[in-house]
Amino acid sequence: AGMQAARAVAAGGTAAVPARARTLRRRRAVDAVASRVVSAGGMATIAGIGAIFAFICIEVAPLWKSPRAAVSSQFRVGEGERLFVPATEEYREILEVVAEGGTVQFRDAGDGRVIQELTVPSLSGRTVAAAARAGKDQVFVAATDGSLVALRIPFEVRRQAGERVLRPRVVESGAWVLSNTGDPPRLLAASAPSESGVVVVAVPASGQPAMLAVSETRDLFDRVQRSEVRRDLALPAQGAATAVEVSANGRRAYVGTADGFVQYWDLTDKEALRLVDTVDVTQARGVGVTAMKSLIGGQSLAVGSADGAVGVWFPVRDPARDGGWRLQRVHVLEAHPAAVTAIAVSPRDRRILTADAAGNVWLRHATTERTLLKLRTGARPVSDLAFSPKANGALAVASDGEVTNWDVVSPHPEISLRSLFGKVWYEGYDAPAYVWQSTGGTDDFEPKLSLVPLIFGTMKGTLYGLLFAVPIAVLAALYTSQFTHPRIRAVVKPTVEIMAALPSVVLGFLAGLWLAPLAERIVPAVLAMHVVIPLLMVAAGALWTKMPGGVRARLHPGTEVVLLIPLIVLGMVVCLSANDAIEWLCFGGDFRAWLQPAGLRYDQRNCLVVGFAMGFAVIPVIFTISEDALSNVPQRLISGSLALGATPWQTAMRVVFPTASPGIFSAIMIGFGRAVGETMIVLMATGNTPVLEWNLFTGMRTLSASIAVEIPEAPYGSTLYRVLFLAALLLFIATFIVNTAAELVRMRLRRRYQQL
């Protein structure tokens, strides 16, 4: 019987060996699959992040593409006849010029041949002395006998046999007399600010510059009343006028002289012209002003001089002056090697074409002060320049009549490192500043795309949010893990983790529509709570230590925190009840007025509100990770510290906290990343004002909020669209750097304390 039992056991053991082997093989196969799946998932995550980074870089890269230009046509015109104000229509197929004989010629922009020549009845038999453009299709022509004719040259676009056909027209919109003496003008500048208003400044061959303002009004009976105002612009003693310009709105006139001075005239009151300022723009004796042109918007003025210098000027407030304004040079552009002979401005943005006597034609951007392109027509001086209506072409006419037409590609001229991250003096500002203002009501708007206010706002919101969240979350995690009763810990930790499930849009909604108005009324009480409640906690702790041992023994260790909740509520109630009294005693009865002497202001949606709302969103993340790190400290370390005579508080601060510091640091960095990328809370709980103030009671504008607000309305491929992607790239890089630094610090701390 024993032998049979032994044989049976041996047989069963032999049968069990293959079963265990199959189990081991199955486990190894599952482990191998799981390992490959996890590895593939990790690689896919890295590849996804890399793809996102690559996509953002691709969208940002066109911001830094260099402008380019190519000659599309070159020909000679005007043999024996002077031509004025050359320009092309928006399709750049037809070149229009005013001929010296009083006709308007339309030439092929490719070879210069005359396609059509239209006569102007009011100029019949007269010789043109000067001409000026005012707007897209308005031309003012002055004859040698002192007469002035206003023309409109519209183009009618038709489709014939599937092809585009342009039909130009010439319409006389007015005729006046510039000078009764028959003195022909040598310089002319004009503006048509409205359909019924005209402002012209002319300089005759001999004499002072004069202004002619024409306006039409209709009375209640629809009768037209015309008025003409003529006034002289008295020249200073510095020399004869060499250039004149009128702003597009007809409110400013500028006169440049042979000695380098520019007069700035206020034409708001046409009956009483006012000389606002006279400035020396060249700062060199004998160097005269040779060309002037008003930029889009009518405030800035580009000035070129005989020494090749080019500057951009505009009026700046000056309380020390009688008129309250002065003409200030705000942008200095690269100087030409020869005298500036012509200036043309873009009808769509702040680009400027300047030409000199050596045949150089340079494309600039006034705001960024960049020289975008350097072109040449030859060694002959350039007499006329023109931008195409879409600003995608440039036209230069040399002194011998040679016309050069360029195709220009300059997609993002307003972008430079200085305009994105440096101070820029913008039109209408009193000094250089960091400004974010991406859109405006009209095409005259000067884009202000400084990312500094957005970066500052991101750091400001993150700082105030973490100042509120980090102390509460970390200390709460320390107390929960080391001092509270397990039953309380079982309630507190899940409750805090549930807080993380609240959508940020809900927190932002509550902060913006409920908390912000409430906090505005009780700011003194809110500030007092930060003093009263901690004092109550310290007093309660001191009182608890003085209680008899029998009273303290009635509570389980770690449940004392329950007694503090009523005190917290009591402190809040006391502060809220004493809000008015605190405001009177500490802030003179008006908190807002108390801030003003310090140069501070109070906005309803401010960083105080953002700190509470963002802290509420960040606290669960920091608390959970910190509590896990603190709870995972080996018990042997705690027991050893207590056995050596250390108190629980000393053990927590000198043993537990340093040992768990890598995890706590990771928690804070994760909270930092959560705060930096927060969008909805800062979008709804702040005024989205891009200001550079550390004031707790003002709002801010963050990178993420700007992306969320403006990317849906930014035209695809526009400068704003790509700058917003640049903001996203900055967020991406900042997050990567912070996370990398955090991981390095965490590993160093871990190596330092793992030997414990």
# chains A, B, ... in the order shown; residues from 1 in each chain; ligands from 1
call {"tool": "residues_around", "arguments": {"residues": "Ser305 in chain A", "least_positions_apart": "6", "cutoff": "12 Å", "atoms": "only C-alpha atoms", "output": "MDAnalysis selection string"}}
result
chainID A and resid 242:243 256:262 280:292 311:312 335:343 354:357
call {"tool": "write_last_selection", "arguments": {"atoms": "N, CA, C and O atoms", "output": "short mmCIF file (atom, residue, chain, number, x, y, z; two decimals), in the first residue's frame"}}
result
data_model
loop_
_atom_site.label_atom_id
_atom_site.label_comp_id
_atom_site.auth_asym_id
_atom_site.auth_seq_id
_atom_site.Cartn_x
_atom_site.Cartn_y
_atom_site.Cartn_z
N THR A 242 9.95 123.88 -48.43
CA THR A 242 10.43 122.86 -49.35
C THR A 242 9.53 121.63 -49.40
O THR A 242 9.70 120.78 -50.28
N ALA A 243 8.60 121.50 -48.45
CA ALA A 243 7.69 120.36 -48.43
C ALA A 243 6.47 120.72 -47.60
O ALA A 243 6.58 121.47 -46.61
N GLY A 256 7.63 122.06 -44.19
CA GLY A 256 9.06 121.90 -44.01
C GLY A 256 9.83 122.97 -44.74
O GLY A 256 9.41 123.43 -45.81
N THR A 257 10.95 123.39 -44.17
CA THR A 257 11.71 124.50 -44.74
C THR A 257 13.09 124.05 -45.19
O THR A 257 13.56 122.95 -44.87
N ALA A 258 13.75 124.94 -45.92
CA ALA A 258 15.08 124.65 -46.46
C ALA A 258 16.15 124.60 -45.38
O ALA A 258 17.24 124.09 -45.62
N ASP A 259 15.86 125.14 -44.20
CA ASP A 259 16.82 125.11 -43.11
C ASP A 259 16.54 124.01 -42.09
O ASP A 259 17.10 124.00 -41.00
N GLY A 260 15.67 123.08 -42.45
CA GLY A 260 15.48 121.91 -41.61
C GLY A 260 14.43 122.05 -40.53
O GLY A 260 14.40 121.22 -39.60
N PHE A 261 13.54 123.01 -40.63
CA PHE A 261 12.49 123.19 -39.64
C PHE A 261 11.16 122.67 -40.18
O PHE A 261 10.92 122.68 -41.40
N VAL A 262 10.30 122.21 -39.27
CA VAL A 262 8.96 121.78 -39.62
C VAL A 262 7.97 122.53 -38.74
O VAL A 262 8.10 122.52 -37.50
N ASP A 280 13.23 121.83 -35.12
CA ASP A 280 14.37 121.59 -36.01
C ASP A 280 14.52 120.08 -36.14
O ASP A 280 14.99 119.41 -35.22
N VAL A 281 14.15 119.54 -37.27
CA VAL A 281 14.13 118.09 -37.43
C VAL A 281 15.46 117.53 -37.89
O VAL A 281 15.68 116.32 -37.84
N THR A 282 16.36 118.36 -38.37
CA THR A 282 17.64 117.87 -38.88
C THR A 282 18.80 118.12 -37.94
O THR A 282 19.80 117.40 -37.98
N GLN A 283 18.68 119.13 -37.08
CA GLN A 283 19.74 119.46 -36.13
C GLN A 283 21.07 119.74 -36.83
O GLN A 283 22.14 119.50 -36.28
N ALA A 284 20.99 120.24 -38.06
CA ALA A 284 22.21 120.55 -38.81
C ALA A 284 21.94 121.77 -39.67
O ALA A 284 20.96 121.81 -40.41
N ARG A 285 22.80 122.75 -39.57
CA ARG A 285 22.60 123.98 -40.32
C ARG A 285 22.73 123.73 -41.83
O ARG A 285 23.66 123.08 -42.28
N GLY A 286 21.76 124.25 -42.55
CA GLY A 286 21.79 124.15 -44.01
C GLY A 286 21.24 122.86 -44.56
O GLY A 286 21.20 122.69 -45.78
N VAL A 287 20.81 121.94 -43.74
CA VAL A 287 20.22 120.69 -44.20
C VAL A 287 18.71 120.85 -44.18
O VAL A 287 18.10 120.99 -43.12
N GLY A 288 18.10 120.83 -45.35
CA GLY A 288 16.67 121.11 -45.44
C GLY A 288 15.81 119.87 -45.45
O GLY A 288 16.28 118.74 -45.67
N VAL A 289 14.52 120.09 -45.21
CA VAL A 289 13.52 119.03 -45.31
C VAL A 289 13.19 118.85 -46.79
O VAL A 289 12.85 119.82 -47.48
N THR A 290 13.26 117.62 -47.27
CA THR A 290 13.06 117.37 -48.70
C THR A 290 11.78 116.60 -49.01
O THR A 290 11.32 116.63 -50.15
N ALA A 291 11.24 115.89 -48.03
CA ALA A 291 10.02 115.11 -48.28
C ALA A 291 9.29 114.88 -46.97
O ALA A 291 9.90 114.69 -45.92
N MET A 292 7.95 114.89 -47.03
CA MET A 292 7.11 114.62 -45.86
C MET A 292 5.88 113.86 -46.32
O MET A 292 5.36 114.09 -47.41
N GLY A 311 12.88 110.22 -40.19
CA GLY A 311 12.30 110.07 -38.86
C GLY A 311 10.80 110.12 -38.91
O GLY A 311 10.20 110.60 -39.88
N VAL A 312 10.18 109.60 -37.86
CA VAL A 312 8.73 109.62 -37.74
C VAL A 312 8.38 110.45 -36.52
O VAL A 312 8.88 110.19 -35.41
N ALA A 335 19.31 105.76 -42.07
CA ALA A 335 19.52 106.89 -42.97
C ALA A 335 19.93 106.42 -44.36
O ALA A 335 20.66 105.44 -44.52
N HIS A 336 19.46 107.16 -45.37
CA HIS A 336 19.87 106.91 -46.75
C HIS A 336 21.28 107.45 -46.99
O HIS A 336 21.73 108.39 -46.33
N PRO A 337 21.97 106.91 -47.99
CA PRO A 337 23.30 107.44 -48.31
C PRO A 337 23.26 108.76 -49.08
O PRO A 337 24.30 109.39 -49.27
N ALA A 338 22.08 109.16 -49.54
CA ALA A 338 21.94 110.41 -50.29
C ALA A 338 20.66 111.10 -49.83
O ALA A 338 19.91 110.59 -49.00
N ALA A 339 20.40 112.27 -50.37
CA ALA A 339 19.25 113.06 -49.96
C ALA A 339 17.95 112.32 -50.27
O ALA A 339 17.79 111.72 -51.34
N VAL A 340 17.03 112.38 -49.34
CA VAL A 340 15.72 111.76 -49.54
C VAL A 340 14.93 112.60 -50.53
O VAL A 340 14.81 113.82 -50.38
N THR A 341 14.39 111.94 -51.56
CA THR A 341 13.67 112.68 -52.60
C THR A 341 12.17 112.40 -52.62
O THR A 341 11.41 113.22 -53.16
N ALA A 342 11.73 111.28 -52.07
CA ALA A 342 10.30 110.95 -52.11
C ALA A 342 9.97 109.99 -50.98
O ALA A 342 10.80 109.18 -50.55
N ILE A 343 8.73 110.10 -50.50
CA ILE A 343 8.21 109.21 -49.46
C ILE A 343 6.80 108.81 -49.85
O ILE A 343 6.01 109.64 -50.30
N THR A 354 10.76 104.91 -48.92
CA THR A 354 11.56 106.12 -49.03
C THR A 354 12.57 105.93 -50.15
O THR A 354 13.08 104.83 -50.38
N ALA A 355 12.85 107.01 -50.86
CA ALA A 355 13.79 106.97 -51.99
C ALA A 355 14.77 108.13 -51.87
O ALA A 355 14.47 109.16 -51.25
N ASP A 356 15.93 107.98 -52.49
CA ASP A 356 16.94 109.03 -52.41
C ASP A 356 17.46 109.39 -53.79
O ASP A 356 17.04 108.82 -54.82
N ALA A 357 18.38 110.34 -53.81
CA ALA A 357 18.93 110.85 -55.07
C ALA A 357 19.87 109.87 -55.74
O ALA A 357 20.27 110.08 -56.89
#
call {"tool": "closest_atom_pairs", "arguments": {"of": "range 314-418 of chain A", "to": "range 56-65 of chain A", "cutoff": "12 Å", "atoms": "only C-alpha atoms", "output": "JSON lines"}}
result
{"residue": "A:Leu372", "atom": "CA", "partner": "A:Lys65", "partner_atom": "CA", "distance": 10.8}
{"residue": "A:Val409", "atom": "CA", "partner": "A:Lys65", "partner_atom": "CA", "distance": 10.0}
{"residue": "A:Ser410", "atom": "CA", "partner": "A:Lys65", "partner_atom": "CA", "distance": 8.5}
{"residue": "A:Pro411", "atom": "CA", "partner": "A:Leu63", "partner_atom": "CA", "distance": 7.9}
{"residue": "A:His412", "atom": "CA", "partner": "A:Leu63", "partner_atom": "CA", "distance": 6.0}
{"residue": "A:Pro413", "atom": "CA", "partner": "A:Leu63", "partner_atom": "CA", "distance": 8.6}
{"residue": "A:Glu414", "atom": "CA", "partner": "A:Leu63", "partner_atom": "CA", "distance": 9.4}
{"residue": "A:Ile415", "atom": "CA", "partner": "A:Leu63", "partner_atom": "CA", "distance": 6.8}
{"residue": "A:Ser416", "atom": "CA", "partner": "A:Trp64", "partner_atom": "CA", "distance": 8.1}
{"residue": "A:Leu417", "atom": "CA", "partner": "A:Trp64", "partner_atom": "CA", "distance": 9.8}
call {"tool": "select_by_dssp", "arguments": {"residues": "range 446-651 of chain A", "states": "alpha helix (DSSP H)", "output": "JSON, numbers by chain"}}
result
{"A": [452, 453, 454, 455, 456, 457, 458, 459, 460, 461, 462, 463, 464, 465, 466, 467, 468, 469, 470, 471, 472, 473, 474, 475, 476, 477, 478, 479, 480, 481, 482, 486, 487, 488, 489, 490, 491, 492, 493, 494, 495, 496, 497, 498, 499, 504, 505, 506, 507, 508, 509, 510, 516, 517, 518, 519, 520, 521, 523, 524, 525, 526, 527, 528, 529, 530, 531, 532, 533, 534, 535, 536, 537, 538, 539, 540, 541, 542, 543, 544, 545, 546, 549, 550, 551, 552, 553, 561, 562, 563, 564, 565, 566, 567, 568, 569, 570, 571, 572, 573, 574, 575, 576, 577, 579, 580, 581, 582, 583, 584, 585, 586, 587, 591, 592, 593, 594, 595, 607, 608, 609, 610, 611, 612, 613, 614, 615, 616, 617, 618, 619, 620, 621, 622, 623, 624, 625, 626, 627, 628, 629, 630, 631, 635, 636, 637, 638, 639, 640, 641, 642, 643, 648, 649, 650, 651]}
call {"tool": "select_by_dssp", "arguments": {"residues": "range 273-516 of chain A", "states": "strand (DSSP E or B)", "output": "ChimeraX atom specification"}}
result
/A:274-280,289-294,301-305,310-317,325-333,340-345,351-356,360-365,370-376,382-387,393-398,402-409,424,433,436-437,448-449
call {"tool": "residues_around", "arguments": {"residues": "Val97 in chain A", "least_positions_apart": "5", "cutoff": "9 Å", "atoms": "only C-alpha atoms", "output": "PyMOL selection string"}}
result
chain A and resi 83-88+103-107
